[in-house]
>>> print(open('structure_18.csv').read())   # CSV, N, CA and C atoms
chain,number,residue,atom,x,y,z
D,7,HIS,N,-3.4,-31.9,12.3
D,7,HIS,CA,-4.6,-32.2,11.5
D,7,HIS,C,-4.5,-33.6,10.9
D,8,MET,N,-3.4,-33.9,10.4
D,8,MET,CA,-3.2,-35.2,9.7
D,8,MET,C,-3.4,-36.4,10.8
D,9,ARG,N,-2.9,-36.2,12.0
D,9,ARG,CA,-3.0,-37.2,13.0
D,9,ARG,C,-4.5,-37.4,13.3
D,10,ALA,N,-5.3,-36.3,13.4
D,10,ALA,CA,-6.7,-36.4,13.7
D,10,ALA,C,-7.4,-37.1,12.6
D,11,VAL,N,-7.1,-36.8,11.3
D,11,VAL,CA,-7.8,-37.4,10.2
D,11,VAL,C,-7.5,-38.9,10.1
D,12,ALA,N,-6.3,-39.2,10.5
D,12,ALA,CA,-5.8,-40.6,10.4
D,12,ALA,C,-6.2,-41.4,11.7
D,13,SER,N,-7.0,-40.8,12.6
D,13,SER,CA,-7.5,-41.4,13.9
D,13,SER,C,-6.3,-41.8,14.7
D,14,MET,N,-5.2,-41.0,14.7
D,14,MET,CA,-4.1,-41.3,15.5
D,14,MET,C,-4.2,-40.4,16.8
D,15,ALA,N,-3.4,-40.8,17.8
D,15,ALA,CA,-3.4,-40.0,19.1
D,15,ALA,C,-2.8,-38.7,18.7
D,16,LEU,N,-3.4,-37.6,19.3
D,16,LEU,CA,-3.0,-36.3,19.0
D,16,LEU,C,-1.7,-35.8,19.7
D,17,GLY,N,-1.4,-36.4,20.8
D,17,GLY,CA,-0.3,-36.0,21.6
D,17,GLY,C,-0.7,-34.8,22.4
D,18,ARG,N,0.3,-34.0,22.9
D,18,ARG,CA,0.0,-32.9,23.8
D,18,ARG,C,-0.8,-31.8,23.0
D,19,THR,N,-1.9,-31.4,23.5
D,19,THR,CA,-2.6,-30.3,22.8
D,19,THR,C,-2.8,-29.1,23.7
D,20,GLY,N,-2.1,-29.0,24.8
D,20,GLY,CA,-2.2,-27.9,25.7
D,20,GLY,C,-1.5,-26.7,25.2
D,21,ALA,N,-1.9,-25.5,25.6
D,21,ALA,CA,-1.3,-24.3,25.2
D,21,ALA,C,0.2,-24.2,25.6
D,22,ARG,N,1.0,-23.7,24.7
D,22,ARG,CA,2.4,-23.6,25.0
D,22,ARG,C,2.7,-22.3,25.7
D,23,GLY,N,1.8,-21.4,25.9
D,23,GLY,CA,2.0,-20.1,26.5
D,23,GLY,C,1.2,-19.1,25.8
D,24,LEU,N,1.5,-17.8,26.0
D,24,LEU,CA,0.9,-16.7,25.3
D,24,LEU,C,1.7,-16.5,24.0
D,25,CYS,N,1.0,-15.9,23.0
D,25,CYS,CA,1.8,-15.7,21.7
D,25,CYS,C,1.3,-14.3,21.1
D,26,ALA,N,2.1,-13.8,20.3
D,26,ALA,CA,1.8,-12.6,19.5
D,26,ALA,C,2.5,-12.7,18.1
D,27,MET,N,1.9,-12.1,17.2
D,27,MET,CA,2.4,-12.0,15.8
D,27,MET,C,2.5,-10.6,15.4
D,28,VAL,N,3.7,-10.2,14.9
D,28,VAL,CA,3.9,-8.8,14.4
D,28,VAL,C,4.1,-8.9,12.9
D,29,ASN,N,3.3,-8.2,12.2
D,29,ASN,CA,3.4,-8.2,10.7
D,29,ASN,C,4.5,-7.2,10.3
D,30,LEU,N,5.2,-7.6,9.3
D,30,LEU,CA,6.3,-6.7,8.7
D,30,LEU,C,5.7,-6.2,7.4
D,31,VAL,N,5.4,-4.9,7.4
D,31,VAL,CA,4.7,-4.3,6.2
D,31,VAL,C,5.6,-3.1,5.7
D,32,GLY,N,5.8,-3.1,4.4
D,32,GLY,CA,6.5,-2.0,3.8
D,32,GLY,C,8.0,-2.2,3.7
D,33,ARG,N,8.6,-2.5,4.8
D,33,ARG,CA,10.0,-2.8,4.9
D,33,ARG,C,10.2,-3.9,6.0
D,34,ALA,N,11.3,-4.7,5.9
D,34,ALA,CA,11.5,-5.7,7.0
D,34,ALA,C,12.9,-5.7,7.4
D,35,PRO,N,13.2,-5.8,8.7
D,35,PRO,CA,14.6,-6.0,9.2
D,35,PRO,C,15.0,-7.4,8.8
D,36,SER,N,16.3,-7.6,8.8
D,36,SER,CA,16.8,-8.9,8.5
D,36,SER,C,16.5,-9.9,9.6
D,37,ALA,N,16.4,-11.2,9.3
D,37,ALA,CA,16.2,-12.2,10.3
D,37,ALA,C,17.2,-12.1,11.4
D,38,ALA,N,18.5,-11.8,11.0
D,38,ALA,CA,19.6,-11.7,12.0
D,38,ALA,C,19.3,-10.6,13.0
D,39,GLU,N,18.8,-9.5,12.5
D,39,GLU,CA,18.5,-8.4,13.4
D,39,GLU,C,17.4,-8.7,14.4
D,40,ILE,N,16.3,-9.4,13.9
D,40,ILE,CA,15.2,-9.8,14.7
D,40,ILE,C,15.7,-10.8,15.8
D,41,LEU,N,16.4,-11.8,15.3
D,41,LEU,CA,16.9,-12.8,16.3
D,41,LEU,C,17.9,-12.3,17.3
D,42,ALA,N,18.6,-11.3,16.9
D,42,ALA,CA,19.5,-10.7,17.9
D,42,ALA,C,18.8,-10.0,19.0
D,43,ALA,N,17.6,-9.4,18.7
D,43,ALA,CA,16.8,-8.8,19.7
D,43,ALA,C,15.9,-9.8,20.5
D,44,CYS,N,15.4,-10.8,19.7
D,44,CYS,CA,14.5,-11.8,20.3
D,44,CYS,C,14.9,-13.2,19.8
D,45,PRO,N,15.9,-13.8,20.5
D,45,PRO,CA,16.4,-15.1,20.1
D,45,PRO,C,15.4,-16.2,19.9
D,46,ASP,N,14.3,-16.1,20.6
D,46,ASP,CA,13.2,-17.2,20.6
D,46,ASP,C,12.1,-16.9,19.5
D,47,ALA,N,12.3,-15.8,18.8
D,47,ALA,CA,11.3,-15.4,17.8
D,47,ALA,C,11.3,-16.4,16.6
D,48,HIS,N,10.2,-16.5,16.0
D,48,HIS,CA,10.1,-17.3,14.8
D,48,HIS,C,9.8,-16.3,13.6
D,49,VAL,N,10.8,-16.2,12.7
D,49,VAL,CA,10.8,-15.2,11.7
D,49,VAL,C,10.4,-15.9,10.4
D,50,HIS,N,9.4,-15.2,9.7
D,50,HIS,CA,8.9,-15.7,8.5
D,50,HIS,C,8.9,-14.6,7.5
D,51,LEU,N,9.9,-14.6,6.6
D,51,LEU,CA,10.1,-13.6,5.6
D,51,LEU,C,9.6,-14.3,4.3
D,52,TYR,N,8.8,-13.6,3.5
D,52,TYR,CA,8.1,-14.2,2.3
D,52,TYR,C,9.0,-14.0,1.0
D,53,GLY,N,10.1,-13.3,1.1
D,53,GLY,CA,10.9,-13.2,-0.1
D,53,GLY,C,10.3,-12.2,-1.2
D,54,LYS,N,9.4,-11.3,-0.7
D,54,LYS,CA,8.8,-10.4,-1.6
D,54,LYS,C,9.7,-9.1,-1.7
D,55,HIS,N,9.5,-8.4,-2.8
D,55,HIS,CA,10.2,-7.1,-2.9
D,55,HIS,C,9.4,-6.0,-2.1
D,56,ALA,N,10.2,-5.2,-1.4
D,56,ALA,CA,9.5,-4.1,-0.5
D,56,ALA,C,8.8,-3.1,-1.4
D,57,ARG,N,7.7,-2.7,-0.9
D,57,ARG,CA,6.9,-1.5,-1.4
D,57,ARG,C,5.9,-1.1,-0.3
D,58,ALA,N,5.5,0.1,-0.3
D,58,ALA,CA,4.6,0.6,0.7
D,58,ALA,C,3.3,-0.2,0.8
D,59,GLY,N,3.0,-0.6,2.0
D,59,GLY,CA,1.7,-1.3,2.2
D,59,GLY,C,1.8,-2.8,2.0
D,60,ARG,N,2.9,-3.3,1.5
D,60,ARG,CA,3.0,-4.8,1.2
D,60,ARG,C,3.5,-5.5,2.4
D,61,LYS,N,2.8,-6.6,2.7
D,61,LYS,CA,3.2,-7.5,3.8
D,61,LYS,C,4.4,-8.3,3.4
D,62,LEU,N,5.5,-8.2,4.0
D,62,LEU,CA,6.8,-8.9,3.6
D,62,LEU,C,7.1,-10.1,4.5
D,63,GLY,N,6.4,-10.2,5.6
D,63,GLY,CA,6.6,-11.3,6.5
D,63,GLY,C,5.9,-11.1,7.8
D,64,HIS,N,6.3,-11.9,8.8
D,64,HIS,CA,5.8,-11.7,10.2
D,64,HIS,C,6.7,-12.4,11.1
D,65,VAL,N,6.6,-12.0,12.4
D,65,VAL,CA,7.4,-12.6,13.5
D,65,VAL,C,6.4,-13.1,14.5
D,66,THR,N,6.6,-14.3,14.9
D,66,THR,CA,5.8,-14.9,15.9
D,66,THR,C,6.6,-15.1,17.2
D,67,LEU,N,6.0,-14.7,18.3
D,67,LEU,CA,6.6,-14.8,19.6
D,67,LEU,C,5.8,-15.7,20.5
D,68,VAL,N,6.4,-16.6,21.3
D,68,VAL,CA,5.7,-17.4,22.3
D,68,VAL,C,6.4,-17.2,23.6
D,69,ALA,N,5.6,-17.0,24.7
D,69,ALA,CA,6.2,-16.7,26.0
D,69,ALA,C,5.3,-17.4,27.1
D,70,PRO,N,5.9,-17.8,28.2
D,70,PRO,CA,5.2,-18.4,29.3
D,70,PRO,C,4.2,-17.6,30.0
D,71,ASP,N,4.4,-16.2,30.0
D,71,ASP,CA,3.5,-15.3,30.7
D,71,ASP,C,3.5,-13.9,30.0
D,72,GLN,N,2.6,-13.1,30.4
D,72,GLN,CA,2.4,-11.8,29.8
D,72,GLN,C,3.6,-10.9,29.9
D,73,ALA,N,4.2,-10.9,31.1
D,73,ALA,CA,5.4,-10.0,31.3
D,73,ALA,C,6.5,-10.4,30.3
D,74,THR,N,6.8,-11.6,30.1
D,74,THR,CA,7.8,-12.1,29.2
D,74,THR,C,7.5,-11.7,27.8
D,75,LEU,N,6.2,-11.9,27.4
D,75,LEU,CA,5.8,-11.6,26.1
D,75,LEU,C,5.9,-10.0,25.8
D,76,ASP,N,5.5,-9.3,26.8
D,76,ASP,CA,5.6,-7.8,26.7
D,76,ASP,C,7.0,-7.3,26.5
D,77,ALA,N,7.9,-8.0,27.3
D,77,ALA,CA,9.4,-7.6,27.2
D,77,ALA,C,9.9,-7.9,25.8
D,78,ALA,N,9.5,-9.1,25.2
D,78,ALA,CA,10.0,-9.5,23.9
D,78,ALA,C,9.4,-8.5,22.8
D,79,LEU,N,8.1,-8.1,23.0
D,79,LEU,CA,7.5,-7.2,22.0
D,79,LEU,C,8.2,-5.8,22.1
D,80,ALA,N,8.6,-5.4,23.3
D,80,ALA,CA,9.3,-4.1,23.5
D,80,ALA,C,10.7,-4.2,22.8
D,81,ARG,N,11.4,-5.3,22.9
D,81,ARG,CA,12.7,-5.4,22.2
D,81,ARG,C,12.5,-5.4,20.7
D,82,LEU,N,11.4,-6.0,20.2
D,82,LEU,CA,11.1,-6.1,18.8
D,82,LEU,C,10.7,-4.8,18.2
D,83,ASP,N,10.0,-4.0,19.0
D,83,ASP,CA,9.3,-2.8,18.5
D,83,ASP,C,10.3,-1.8,17.7
D,84,PRO,N,11.5,-1.5,18.2
D,84,PRO,CA,12.3,-0.6,17.5
D,84,PRO,C,12.7,-1.1,16.1
D,85,LEU,N,12.7,-2.3,15.9
D,85,LEU,CA,13.1,-2.9,14.6
D,85,LEU,C,11.9,-2.8,13.6
D,86,CYS,N,10.7,-2.9,14.1
D,86,CYS,CA,9.5,-3.0,13.3
D,86,CYS,C,8.6,-1.8,13.3
D,87,SER,N,8.8,-0.8,14.1
D,87,SER,CA,7.9,0.3,14.3
D,87,SER,C,7.9,1.2,13.0
D,88,TRP,N,8.9,1.1,12.2
D,88,TRP,CA,8.9,2.0,11.0
D,88,TRP,C,8.3,1.3,9.8
D,89,ALA,N,7.9,0.0,10.0
D,89,ALA,CA,7.3,-0.7,8.9
D,89,ALA,C,5.9,-0.1,8.5
D,90,VAL,N,5.7,0.3,7.3
D,90,VAL,CA,4.5,0.9,6.9
D,90,VAL,C,4.1,0.4,5.5
>>> encode(input="structure_18.csv", output="C-alpha coordinates")
Amino acid sequence: HMRAVASMALGRTGARGLCAMVNLVGRAPSAAEILAACPDAHVHLYGKHARAGRKLGHVTLVAPDQATLDAALARLDPLCSWAV
(Lines of atoms letter the chains of each structure in order from A and count residues from 1; the text may use other names and numbers.)
(Lines give C-alpha, C1' and ligand atoms only; values in the text may rest on other atoms or scores of the structure.)
Protein backbone atom coordinates (compact mmCIF):
# COMPACT_ATOMS: atom_id res chain seq x y z
CA HIS A 1 0.00 0.00 0.00
CA MET A 2 2.74 2.44 0.93
CA ARG A 3 4.58 1.83 -2.33
CA ALA A 4 1.42 2.62 -4.31
CA VAL A 5 0.73 5.78 -2.27
CA ALA A 6 4.32 6.92 -2.81
CA SER A 7 4.06 6.25 -6.58
CA MET A 8 6.80 3.64 -6.35
CA ALA A 9 7.00 0.46 -8.44
CA LEU A 10 4.85 -2.22 -6.86
CA GLY A 11 7.11 -5.17 -7.57
CA ARG A 12 5.61 -8.60 -8.13
CA THR A 13 1.86 -8.60 -7.63
CA GLY A 14 1.01 -12.08 -8.91
CA ALA A 15 -0.68 -14.67 -6.76
CA ARG A 16 1.68 -16.78 -4.65
CA GLY A 17 -0.66 -19.75 -4.80
CA LEU A 18 -3.80 -20.85 -3.03
CA CYS A 19 -4.35 -19.98 0.59
CA ALA A 20 -6.54 -20.81 3.54
CA MET A 21 -7.01 -19.37 7.01
CA VAL A 22 -8.09 -21.44 10.02
CA ASN A 23 -9.44 -19.52 13.00
CA LEU A 24 -8.49 -20.70 16.48
CA VAL A 25 -11.56 -20.25 18.67
CA GLY A 26 -12.03 -21.25 22.30
CA ARG A 27 -8.67 -22.96 22.71
CA ALA A 28 -5.47 -22.87 20.66
CA PRO A 29 -2.65 -25.37 20.19
CA SER A 30 0.85 -24.03 20.72
CA ALA A 31 2.71 -22.55 17.77
CA ALA A 32 5.22 -25.41 18.09
CA GLU A 33 2.45 -28.01 17.67
CA ILE A 34 1.07 -26.25 14.61
CA LEU A 35 4.50 -25.85 13.00
CA ALA A 36 5.35 -29.49 13.68
CA ALA A 37 2.29 -30.49 11.64
CA CYS A 38 2.61 -27.75 9.00
CA PRO A 39 6.14 -26.25 8.86
CA ASP A 40 5.13 -23.64 6.26
CA ALA A 41 2.16 -22.35 8.29
CA HIS A 42 2.03 -18.77 9.47
CA VAL A 43 0.80 -18.80 13.07
CA HIS A 44 -0.81 -15.72 14.58
CA LEU A 45 -1.65 -16.06 18.29
CA TYR A 46 -3.21 -12.96 19.81
CA GLY A 47 -2.10 -13.49 23.43
CA LYS A 48 -5.70 -13.58 24.72
CA HIS A 49 -6.96 -15.74 27.57
CA ALA A 50 -8.96 -18.76 26.41
CA ARG A 51 -12.73 -18.83 26.84
CA ALA A 52 -15.59 -20.37 24.90
CA GLY A 53 -16.28 -18.59 21.62
CA ARG A 54 -13.27 -16.27 21.80
CA LYS A 55 -10.99 -16.02 18.76
CA LEU A 56 -7.47 -16.62 20.03
CA GLY A 57 -5.61 -16.51 16.74
CA HIS A 58 -5.45 -17.92 13.26
CA VAL A 59 -3.23 -20.02 11.03
CA THR A 60 -2.57 -19.06 7.42
CA LEU A 61 -1.48 -21.62 4.83
CA VAL A 62 -0.18 -20.92 1.31
CA ALA A 63 0.28 -23.72 -1.22
CA PRO A 64 1.08 -23.95 -4.94
CA ASP A 65 -1.96 -26.13 -5.72
CA GLN A 66 -5.22 -27.46 -4.25
CA ALA A 67 -3.85 -30.92 -3.43
CA THR A 68 -0.98 -29.48 -1.38
CA LEU A 69 -3.33 -27.09 0.42
CA ASP A 70 -5.79 -29.90 1.19
CA ALA A 71 -2.98 -32.05 2.61
CA ALA A 72 -1.81 -29.22 4.88
CA LEU A 73 -5.36 -28.59 6.09
CA ALA A 74 -5.76 -32.31 6.82
CA ARG A 75 -2.59 -32.26 8.96
CA LEU A 76 -3.80 -29.15 10.79
CA ASP A 77 -7.35 -30.39 11.40
CA PRO A 78 -6.63 -32.73 14.37
CA LEU A 79 -4.99 -29.84 16.22
CA CYS A 80 -7.79 -27.35 15.61
CA SER A 81 -10.97 -29.37 15.24
CA TRP A 82 -11.71 -29.17 18.97
CA ALA A 83 -11.56 -25.37 18.98
CA VAL A 84 -15.00 -24.00 19.92
>>> atom_distance(input="structure_18.csv", atom1="atom C of D:Thr19", atom2="atom N of D:Asp46")
21.7 Å
>>> residues_around(input="structure_18.csv", residues="stretch 20-36 of chain D", least_positions_apart="2", cutoff="5 Å", atoms="all atoms listed in the file", output="list in words")
Arg18, Ala38, Glu39, Ile40, Ala56, Arg57, Ala58, Gly59, Arg60, Lys61, Leu62, Gly63, His64, Val65, Thr66, Leu67, Val68, Ala69, Pro70, Ala89 and Val90 of chain D
>>> atom_distance(input="structure_18.csv", atom1="atom C of D:Pro45", atom2="atom C of D:Leu85")
15.2 Å
>>> atom_distance(input="structure_18.csv", atom1="atom C of D:Arg81", atom2="atom N of D:Cys44")
6.2 Å
>>> select_by_dssp(input="structure_18.csv", residues="stretch 37-86 of chain D", states="alpha helix (DSSP H)", output="PDB file with N, CA and C atoms, in the frame of the given file")
ATOM      1  N   ALA D  37      16.400 -11.200   9.300  1.00  0.00           N
ATOM      2  CA  ALA D  37      16.200 -12.200  10.300  1.00  0.00           C
ATOM      3  C   ALA D  37      17.200 -12.100  11.400  1.00  0.00           C
ATOM      4  N   ALA D  38      18.500 -11.800  11.000  1.00  0.00           N
ATOM      5  CA  ALA D  38      19.600 -11.700  12.000  1.00  0.00           C
ATOM      6  C   ALA D  38      19.300 -10.600  13.000  1.00  0.00           C
ATOM      7  N   GLU D  39      18.800  -9.500  12.500  1.00  0.00           N
ATOM      8  CA  GLU D  39      18.500  -8.400  13.400  1.00  0.00           C
ATOM      9  C   GLU D  39      17.400  -8.700  14.400  1.00  0.00           C
ATOM     10  N   ILE D  40      16.300  -9.400  13.900  1.00  0.00           N
ATOM     11  CA  ILE D  40      15.200  -9.800  14.700  1.00  0.00           C
ATOM     12  C   ILE D  40      15.700 -10.800  15.800  1.00  0.00           C
ATOM     13  N   LEU D  41      16.400 -11.800  15.300  1.00  0.00           N
ATOM     14  CA  LEU D  41      16.900 -12.800  16.300  1.00  0.00           C
ATOM     15  C   LEU D  41      17.900 -12.300  17.300  1.00  0.00           C
ATOM     16  N   ALA D  42      18.600 -11.300  16.900  1.00  0.00           N
ATOM     17  CA  ALA D  42      19.500 -10.700  17.900  1.00  0.00           C
ATOM     18  C   ALA D  42      18.800 -10.000  19.000  1.00  0.00           C
ATOM     19  N   ALA D  43      17.600  -9.400  18.700  1.00  0.00           N
ATOM     20  CA  ALA D  43      16.800  -8.800  19.700  1.00  0.00           C
ATOM     21  C   ALA D  43      15.900  -9.800  20.500  1.00  0.00           C
ATOM     22  N   GLN D  72       2.600 -13.100  30.400  1.00  0.00           N
ATOM     23  CA  GLN D  72       2.400 -11.800  29.800  1.00  0.00           C
ATOM     24  C   GLN D  72       3.600 -10.900  29.900  1.00  0.00           C
ATOM     25  N   ALA D  73       4.200 -10.900  31.100  1.00  0.00           N
ATOM     26  CA  ALA D  73       5.400 -10.000  31.300  1.00  0.00           C
ATOM     27  C   ALA D  73       6.500 -10.400  30.300  1.00  0.00           C
ATOM     28  N   THR D  74       6.800 -11.600  30.100  1.00  0.00           N
ATOM     29  CA  THR D  74       7.800 -12.100  29.200  1.00  0.00           C
ATOM     30  C   THR D  74       7.500 -11.700  27.800  1.00  0.00           C
ATOM     31  N   LEU D  75       6.200 -11.900  27.400  1.00  0.00           N
ATOM     32  CA  LEU D  75       5.800 -11.600  26.100  1.00  0.00           C
ATOM     33  C   LEU D  75       5.900 -10.000  25.800  1.00  0.00           C
ATOM     34  N   ASP D  76       5.500  -9.300  26.800  1.00  0.00           N
ATOM     35  CA  ASP D  76       5.600  -7.800  26.700  1.00  0.00           C
ATOM     36  C   ASP D  76       7.000  -7.300  26.500  1.00  0.00           C
ATOM     37  N   ALA D  77       7.900  -8.000  27.300  1.00  0.00           N
ATOM     38  CA  ALA D  77       9.400  -7.600  27.200  1.00  0.00           C
ATOM     39  C   ALA D  77       9.900  -7.900  25.800  1.00  0.00           C
ATOM     40  N   ALA D  78       9.500  -9.100  25.200  1.00  0.00           N
ATOM     41  CA  ALA D  78      10.000  -9.500  23.900  1.00  0.00           C
ATOM     42  C   ALA D  78       9.400  -8.500  22.800  1.00  0.00           C
ATOM     43  N   LEU D  79       8.100  -8.100  23.000  1.00  0.00           N
ATOM     44  CA  LEU D  79       7.500  -7.200  22.000  1.00  0.00           C
ATOM     45  C   LEU D  79       8.200  -5.800  22.100  1.00  0.00           C
ATOM     46  N   ALA D  80       8.600  -5.400  23.300  1.00  0.00           N
ATOM     47  CA  ALA D  80       9.300  -4.100  23.500  1.00  0.00           C
ATOM     48  C   ALA D  80      10.700  -4.200  22.800  1.00  0.00           C
ATOM     49  N   ARG D  81      11.400  -5.300  22.900  1.00  0.00           N
ATOM     50  CA  ARG D  81      12.700  -5.400  22.200  1.00  0.00           C
ATOM     51  C   ARG D  81      12.500  -5.400  20.700  1.00  0.00           C
ATOM     52  N   LEU D  82      11.400  -6.000  20.200  1.00  0.00           N
ATOM     53  CA  LEU D  82      11.100  -6.100  18.800  1.00  0.00           C
ATOM     54  C   LEU D  82      10.700  -4.800  18.200  1.00  0.00           C
ATOM     55  N   ASP D  83      10.000  -4.000  19.000  1.00  0.00           N
ATOM     56  CA  ASP D  83       9.300  -2.800  18.500  1.00  0.00           C
ATOM     57  C   ASP D  83      10.300  -1.800  17.700  1.00  0.00           C
ATOM     58  N   PRO D  84      11.500  -1.500  18.200  1.00  0.00           N
ATOM     59  CA  PRO D  84      12.300  -0.600  17.500  1.00  0.00           C
ATOM     60  C   PRO D  84      12.700  -1.100  16.100  1.00  0.00           C
ATOM     61  N   LEU D  85      12.700  -2.300  15.900  1.00  0.00           N
ATOM     62  CA  LEU D  85      13.100  -2.900  14.600  1.00  0.00           C
ATOM     63  C   LEU D  85      11.900  -2.800  13.600  1.00  0.00           C
ATOM     64  N   CYS D  86      10.700  -2.900  14.100  1.00  0.00           N
ATOM     65  CA  CYS D  86       9.500  -3.000  13.300  1.00  0.00           C
ATOM     66  C   CYS D  86       8.600  -1.800  13.300  1.00  0.00           C
TER      67      CYS D  86
END
